[in-house]
file upload18.cif (mmCIF, C-alpha atoms and all ligand atoms)
data_structure
loop_
_atom_site.label_atom_id
_atom_site.label_comp_id
_atom_site.auth_asym_id
_atom_site.auth_seq_id
_atom_site.Cartn_x
_atom_site.Cartn_y
_atom_site.Cartn_z
CA MET A 1 52.64 -22.28 -41.50
CA SER A 2 52.91 -24.38 -44.63
CA PHE A 3 51.05 -23.70 -47.84
CA VAL A 4 47.51 -24.92 -47.20
CA ILE A 5 44.69 -24.12 -49.61
CA ALA A 6 41.13 -24.52 -48.28
CA VAL A 7 38.35 -24.91 -50.84
CA ASP A 8 34.81 -24.98 -49.50
CA GLY A 9 31.37 -24.62 -51.03
CA PRO A 10 28.01 -26.26 -51.68
CA ALA A 11 27.25 -29.42 -53.65
CA ALA A 12 28.46 -29.56 -57.26
CA SER A 13 29.84 -26.03 -57.16
CA GLY A 14 33.02 -27.12 -58.93
CA LYS A 15 35.14 -27.02 -55.78
CA GLY A 16 36.48 -30.55 -56.24
CA THR A 17 37.71 -29.92 -59.77
CA ILE A 18 39.19 -26.56 -58.79
CA ALA A 19 40.92 -28.12 -55.78
CA ALA A 20 42.36 -30.94 -57.91
CA ARG A 21 43.66 -28.48 -60.52
CA LEU A 22 45.19 -26.23 -57.84
CA ALA A 23 46.89 -29.26 -56.29
CA ALA A 24 48.35 -30.26 -59.65
CA HIS A 25 49.43 -26.70 -60.38
CA TYR A 26 51.27 -26.26 -57.06
CA SER A 27 52.35 -29.94 -56.80
CA LEU A 28 50.53 -30.37 -53.50
CA PRO A 29 48.68 -33.42 -52.16
CA HIS A 30 44.88 -33.12 -52.38
CA LEU A 31 42.20 -34.47 -50.06
CA ASP A 32 38.55 -34.48 -51.14
CA THR A 33 37.05 -34.59 -47.64
CA GLY A 34 33.57 -35.25 -49.03
CA LEU A 35 34.80 -38.74 -49.91
CA LEU A 36 35.39 -39.43 -46.20
CA TYR A 37 31.78 -38.61 -45.33
CA ARG A 38 30.55 -40.51 -48.38
CA ALA A 39 32.58 -43.56 -47.29
CA VAL A 40 31.16 -43.37 -43.76
CA GLY A 41 27.60 -43.14 -45.14
CA LEU A 42 28.16 -46.17 -47.38
CA ALA A 43 29.82 -48.15 -44.57
CA VAL A 44 26.76 -47.58 -42.37
CA LEU A 45 24.40 -48.63 -45.17
CA ASP A 46 26.53 -51.68 -46.07
CA ALA A 47 26.38 -52.81 -42.44
CA GLY A 48 22.60 -52.41 -42.44
CA GLY A 49 22.81 -49.60 -39.86
CA SER A 50 20.84 -46.38 -39.52
CA LEU A 51 22.19 -43.07 -40.82
CA ASP A 52 20.51 -41.39 -37.86
CA ASP A 53 22.62 -43.31 -35.34
CA GLY A 54 25.60 -41.06 -34.58
CA THR A 55 27.40 -43.59 -32.40
CA GLU A 56 27.25 -46.27 -35.07
CA ALA A 57 28.33 -43.83 -37.79
CA ALA A 58 31.26 -42.61 -35.66
CA ARG A 59 32.38 -46.22 -35.20
CA ARG A 60 32.41 -46.62 -38.99
CA ALA A 61 34.31 -43.33 -39.31
CA GLN A 62 36.99 -44.59 -36.92
CA GLY A 63 37.31 -47.81 -38.91
CA LEU A 64 37.76 -46.12 -42.31
CA ASN A 65 40.57 -47.49 -44.43
CA VAL A 66 41.61 -44.25 -46.07
CA SER A 67 43.90 -45.79 -48.68
CA GLU A 68 40.98 -47.86 -50.01
CA ILE A 69 38.38 -45.12 -50.02
CA ALA A 70 39.05 -43.60 -53.41
CA ARG A 71 38.80 -47.01 -55.07
CA ASP A 72 35.08 -47.52 -54.44
CA PRO A 73 33.18 -46.33 -57.56
CA ARG A 74 29.91 -46.16 -55.59
CA LEU A 75 31.20 -43.12 -53.73
CA ILE A 76 30.26 -40.86 -56.62
CA ASP A 77 26.65 -42.08 -56.69
CA ARG A 78 23.80 -39.83 -55.73
CA GLY A 79 22.87 -42.12 -52.82
CA ALA A 80 26.36 -41.79 -51.34
CA GLY A 81 26.08 -37.98 -51.38
CA GLU A 82 22.77 -38.13 -49.59
CA ALA A 83 24.06 -40.64 -47.01
CA ALA A 84 27.17 -38.49 -46.52
CA SER A 85 25.17 -35.41 -45.71
CA ARG A 86 23.08 -37.40 -43.20
CA VAL A 87 26.07 -38.80 -41.27
CA ALA A 88 27.94 -35.48 -41.56
CA GLY A 89 25.43 -33.88 -39.21
CA HIS A 90 26.56 -36.04 -36.27
CA PRO A 91 29.21 -34.23 -34.18
CA GLU A 92 30.73 -37.63 -33.21
CA VAL A 93 31.37 -38.41 -36.87
CA ARG A 94 33.00 -35.03 -37.49
CA ALA A 95 35.16 -35.52 -34.38
CA ALA A 96 36.24 -38.97 -35.58
CA LEU A 97 37.40 -37.53 -38.92
CA LEU A 98 39.04 -34.38 -37.54
CA MET A 99 42.57 -35.63 -36.80
CA LEU A 100 42.91 -37.39 -40.11
CA GLN A 101 42.05 -34.20 -42.00
CA GLN A 102 44.21 -31.97 -39.79
CA ASN A 103 47.17 -34.31 -40.16
CA PHE A 104 46.73 -34.20 -43.91
CA ALA A 105 46.69 -30.39 -43.81
CA ARG A 106 49.84 -30.31 -41.66
CA GLN A 107 52.06 -32.11 -44.15
CA PRO A 108 55.34 -30.33 -44.69
CA GLY A 109 55.06 -28.31 -47.86
CA GLY A 110 51.31 -27.95 -47.59
CA ALA A 111 48.15 -29.44 -49.04
CA VAL A 112 44.87 -28.68 -50.75
CA LEU A 113 41.66 -29.80 -49.02
CA ASP A 114 38.12 -29.35 -50.25
CA GLY A 115 34.87 -29.71 -48.32
CA ARG A 116 32.45 -27.67 -46.27
CA ASP A 117 34.40 -26.74 -43.12
CA ILE A 118 38.03 -26.61 -44.24
CA GLY A 119 38.49 -22.87 -43.85
CA THR A 120 36.39 -22.67 -40.70
CA VAL A 121 37.29 -25.80 -38.68
CA ILE A 122 39.93 -28.05 -40.26
CA ALA A 123 42.48 -25.46 -41.36
CA PRO A 124 41.48 -22.04 -40.02
CA ASP A 125 45.07 -20.81 -40.62
CA ALA A 126 45.11 -21.80 -44.29
CA VAL A 127 47.11 -19.42 -46.48
CA ALA A 128 44.34 -19.21 -49.08
CA LYS A 129 40.64 -19.87 -48.62
CA LEU A 130 38.13 -20.10 -51.45
CA TYR A 131 34.39 -20.41 -51.15
CA VAL A 132 33.22 -21.76 -54.49
CA THR A 133 29.57 -21.44 -55.38
CA ALA A 134 27.18 -21.29 -58.36
CA ALA A 135 23.44 -20.91 -58.94
CA PRO A 136 21.55 -24.04 -57.81
CA GLU A 137 20.19 -24.71 -61.32
CA VAL A 138 23.69 -24.63 -62.77
CA ARG A 139 25.05 -26.92 -60.05
CA ALA A 140 22.15 -29.33 -60.55
CA ARG A 141 22.76 -29.34 -64.32
CA ARG A 142 26.46 -30.12 -63.85
CA ARG A 143 25.77 -32.97 -61.41
CA TRP A 144 22.93 -34.29 -63.61
CA THR A 145 25.25 -34.39 -66.62
CA GLN A 146 27.93 -36.15 -64.55
CA LEU A 147 25.60 -38.77 -63.05
CA THR A 148 23.53 -39.53 -66.15
CA GLY A 149 26.82 -39.84 -68.04
CA ARG A 150 27.69 -42.64 -65.64
CA GLY A 151 24.38 -44.35 -66.30
CA GLU A 152 22.32 -43.16 -63.30
CA VAL A 153 18.69 -42.50 -64.21
CA ILE A 154 17.41 -39.29 -62.67
CA ALA A 155 15.20 -36.38 -63.73
CA PHE A 156 16.73 -32.91 -63.69
CA GLU A 157 14.04 -31.59 -61.31
CA GLU A 158 14.85 -34.39 -58.88
CA MET A 159 18.54 -33.53 -59.06
CA LEU A 160 17.79 -29.88 -58.32
CA ALA A 161 15.60 -30.80 -55.34
CA ASP A 162 18.31 -33.16 -54.11
CA ILE A 163 20.98 -30.48 -54.23
CA MET A 164 18.82 -27.85 -52.56
CA ARG A 165 17.82 -30.23 -49.78
CA ARG A 166 21.45 -31.16 -49.17
CA ASP A 167 22.54 -27.49 -49.15
CA GLU A 168 19.87 -26.69 -46.60
CA ARG A 169 20.87 -29.62 -44.39
CA ASP A 170 24.59 -28.80 -44.63
CA ALA A 171 24.10 -25.09 -43.91
CA GLY A 172 21.52 -25.64 -41.18
CA ARG A 173 23.26 -28.24 -39.00
CA GLY A 174 24.70 -27.35 -35.60
CA ALA A 175 28.07 -29.10 -36.06
CA ALA A 176 30.47 -27.27 -38.40
CA PRO A 177 27.76 -25.93 -40.71
CA MET A 178 28.62 -25.05 -44.29
CA VAL A 179 29.43 -21.34 -44.21
CA GLN A 180 31.87 -19.03 -45.94
CA ALA A 181 34.83 -18.31 -43.63
CA GLU A 182 35.23 -14.60 -42.92
CA ASP A 183 38.56 -14.50 -44.69
CA ALA A 184 37.56 -16.71 -47.63
CA VAL A 185 37.27 -15.26 -51.13
CA LEU A 186 33.96 -15.96 -52.87
CA LEU A 187 34.26 -17.49 -56.33
CA ASP A 188 30.98 -17.71 -58.22
CA THR A 189 31.34 -20.17 -61.10
CA THR A 190 27.79 -19.79 -62.47
CA ASP A 191 29.03 -18.28 -65.73
CA LEU A 192 32.47 -19.84 -65.79
CA GLY A 193 33.68 -22.94 -67.57
CA ILE A 194 36.24 -25.07 -65.77
CA ASP A 195 39.28 -23.39 -67.33
CA ALA A 196 38.03 -19.90 -66.47
CA ALA A 197 37.07 -21.02 -62.95
CA PHE A 198 40.50 -22.53 -62.38
CA ASP A 199 42.17 -19.39 -63.71
CA ALA A 200 40.17 -17.22 -61.31
CA ALA A 201 40.98 -19.57 -58.42
CA ARG A 202 44.67 -19.57 -59.26
CA ARG A 203 44.75 -15.77 -59.32
CA ILE A 204 43.11 -15.60 -55.89
CA VAL A 205 45.54 -18.15 -54.45
CA GLU A 206 48.52 -16.44 -56.06
CA THR A 207 47.67 -13.11 -54.41
CA LYS A 208 47.49 -14.81 -51.00
CA ARG A 209 50.63 -16.85 -51.62
CA VAL A 210 52.73 -13.84 -52.53
CA ARG A 211 51.54 -12.05 -49.40
CA HIS A 212 52.32 -15.16 -47.36
CA VAL A 213 55.84 -15.48 -48.74
CA LEU A 214 56.69 -11.79 -48.27
O1 LIG B 301 30.59 -33.40 -54.40
P1 LIG B 301 29.51 -32.81 -53.57
O2 LIG B 301 29.69 -31.35 -53.40
O3 LIG B 301 28.14 -33.21 -53.99
O4 LIG B 301 29.60 -33.46 -52.12
P2 LIG B 301 30.87 -33.86 -51.27
O5 LIG B 301 31.84 -32.75 -51.22
O6 LIG B 301 31.35 -35.18 -51.73
O7 LIG B 301 30.21 -34.00 -49.80
C1 LIG B 301 29.15 -34.89 -49.55
C2 LIG B 301 28.53 -34.48 -48.22
O8 LIG B 301 29.49 -34.66 -47.18
C3 LIG B 301 28.11 -33.02 -48.12
O9 LIG B 301 26.78 -32.79 -48.54
C4 LIG B 301 28.29 -32.71 -46.63
O10 LIG B 301 27.14 -33.03 -45.90
C5 LIG B 301 29.39 -33.64 -46.20
N1 LIG B 301 30.68 -32.98 -46.01
C6 LIG B 301 30.88 -32.28 -44.83
O11 LIG B 301 29.99 -32.18 -44.01
N2 LIG B 301 32.09 -31.70 -44.56
C7 LIG B 301 33.08 -31.77 -45.46
N3 LIG B 301 34.26 -31.22 -45.17
C8 LIG B 301 32.89 -32.44 -46.69
C9 LIG B 301 31.65 -33.03 -46.95
#

call {"tool": "encode", "arguments": {"input": "upload18.cif", "output": "structure tokens", "more": "lines below"}}
Ligand code: CDP
result
Amino acid sequence: MSFVIAVDGPAASGKGTIAARLAAHYSLPHLDTGLLYRAVGLAVLDAGGSLDDGTEAARRAQGLNVSEIARDPRLIDRGAGEAASRVAGHPEVRAALLMLQQNFARQPGGAVLDGRDIGTVIAPDAVAKLYVTAAPEVRARRRWTQLTGRGEVIAFEEMLADIMRRDERDAGRGAAPMVQAEDAVLLDTTDLGIDAAFDAARRIVETKRVRHVL
């Protein structure tokens, strides 16, 4: 099995930044799978559809133009995160995005993927699995700083409520719920800056990699 790193965890836990830094460190391609769900949510909204309609959302998922996804600046917005978590609950949507993610993970040489179900569903055989988390208040503060820095107007309390509601929805859904894989290593970044968090992540991955190579 090639060198796949699975990074899962709740909203704004730092998993995306950690995944990107790991990918750069090991020279591996990186897929932020949250962007796929965000793009599906936006596509449904752009077409005037309902986020509750799984069939419609799955159709949008099938029609995703992956090479264009990362170019849409709206994907980072708070509304896109909320829409993503609504469409992500539909099993048809998850099924429509499965192959794309698994093919990405199967690239020769390996890959880094971050999301909610990478270690459990997309790449259960991944060499290293991290479950990145942090206290809700800290996650809300990080996301608030990020979004207000981009000009979004939002109160901190609203941001916290947003994040907690999304966590609950993601963990409580029937299809591929957000959960720590049994063989994932928990990385709590509550008291860690990005450099320290990356360092801890790299050490965890390195231990697994050495064992994998031997
Ligand atoms: O960056 P943040 O943690 O806020 O969210 P994201 O990773 O961009 O994911 C947005 C939403 O997509 C999540 O709240 C999940 O509902 C959904 N998602 C998922 O269900 N499975 C994944 N592998 C990735 C994201």

call {"tool": "atom_distance", "arguments": {"input": "upload18.cif", "atom1": "CA of Ala184 in chain A", "atom2": "CA of Leu36 in chain A"}}
result
22.9 Å

call {"tool": "residues_around", "arguments": {"input": "upload18.cif", "residues": "range 116-131 of chain A", "least_positions_apart": "6", "cutoff": "10 Å", "atoms": "all atoms listed in the file", "output": "number ranges by chain"}}
result
A: 1-11, 13, 15, 18-19, 33-34, 97-106, 110, 170-171, 175-188, 201, 204-213

call {"tool": "closest_residue", "arguments": {"input": "upload18.cif", "among": "A:Thr55, A:Ser85, A:Ser50, A:Asn65", "to": "Arg38 in chain A", "atoms": "all atoms listed in the file"}}
result
A:Ser85

call {"tool": "axis_aligned_box", "arguments": {"input": "upload18.cif", "around": "ligand LIG 301 (chain B)", "padding_each_side": "3 Å", "output": "AutoDock Vina command-line options"}}
result
--center_x 30.5 --center_y -33.2 --center_z -49.2 --size_x 13.5 --size_y 10.0 --size_z 16.4

call {"tool": "residues_around", "arguments": {"input": "upload18.cif", "residues": "range 156-169 of chain A", "least_positions_apart": "3", "cutoff": "8 Å", "atoms": "all atoms listed in the file", "output": "mmCIF file with C-alpha atoms, in the frame of the given file"}}
result
data_model
loop_
_atom_site.group_PDB
_atom_site.id
_atom_site.type_symbol
_atom_site.label_atom_id
_atom_site.label_comp_id
_atom_site.auth_asym_id
_atom_site.auth_seq_id
_atom_site.Cartn_x
_atom_site.Cartn_y
_atom_site.Cartn_z
ATOM 1 C CA PRO A 10 28.010 -26.260 -51.680
ATOM 2 C CA ALA A 11 27.250 -29.420 -53.650
ATOM 3 C CA GLU A 82 22.770 -38.130 -49.590
ATOM 4 C CA SER A 85 25.170 -35.410 -45.710
ATOM 5 C CA PRO A 136 21.550 -24.040 -57.810
ATOM 6 C CA GLU A 137 20.190 -24.710 -61.320
ATOM 7 C CA ARG A 139 25.050 -26.920 -60.050
ATOM 8 C CA ALA A 140 22.150 -29.330 -60.550
ATOM 9 C CA ARG A 141 22.760 -29.340 -64.320
ATOM 10 C CA ARG A 143 25.770 -32.970 -61.410
ATOM 11 C CA TRP A 144 22.930 -34.290 -63.610
ATOM 12 C CA GLY A 172 21.520 -25.640 -41.180
ATOM 13 C CA ARG A 173 23.260 -28.240 -39.000
#

call {"tool": "atom_distance", "arguments": {"input": "upload18.cif", "atom1": "atom O9 of ligand LIG 301 (chain B)", "atom2": "CA of Glu68 in chain A"}}
result
20.8 Å

call {"tool": "closest_residue", "arguments": {"input": "upload18.cif", "among": "A:Leu75, A:Leu51, A:Ile154, A:Val138", "to": "ligand LIG 301 (chain B)", "atoms": "all atoms listed in the file"}}
result
A:Leu75

call {"tool": "closest_residue", "arguments": {"input": "upload18.cif", "among": "A:Ala134, A:Pro29, A:Arg74, A:Val93", "to": "Thr189 in chain A", "atoms": "all atoms listed in the file"}}
result
A:Ala134

call {"tool": "atom_distance", "arguments": {"input": "upload18.cif", "atom1": "CA of Arg86 in chain A", "atom2": "CA of Val112 in chain A"}}
result
24.7 Å

call {"tool": "residues_around", "arguments": {"input": "upload18.cif", "residues": "Ala58 in chain A", "least_positions_apart": "2", "cutoff": "10 Å", "atoms": "only C-alpha atoms", "output": "count of residues only"}}
result
21

call {"tool": "closest_residue", "arguments": {"input": "upload18.cif", "among": "A:Val66, A:Ile76, A:Gly14, A:Leu22", "to": "Arg203 in chain A", "atoms": "all atoms listed in the file"}}
result
A:Leu22

call {"tool": "residues_around", "arguments": {"input": "upload18.cif", "residues": "Gly16 in chain A", "least_positions_apart": "5", "cutoff": "9 Å", "atoms": "only C-alpha atoms", "output": "ChimeraX atom specification"}}
result
/A:7-8,21,32,113-115

call {"tool": "closest_residue", "arguments": {"input": "upload18.cif", "among": "A:Gly89, A:Ile69, A:Ala111, A:Thr148", "to": "His25 in chain A", "atoms": "all atoms listed in the file"}}
result
A:Ala111

call {"tool": "closest_residue", "arguments": {"input": "upload18.cif", "among": "A:Ala80, A:Ala155, A:Leu45, A:Ala57", "to": "ligand LIG 301 (chain B)", "atoms": "only C-alpha atoms and all ligand atoms"}}
result
A:Ala80
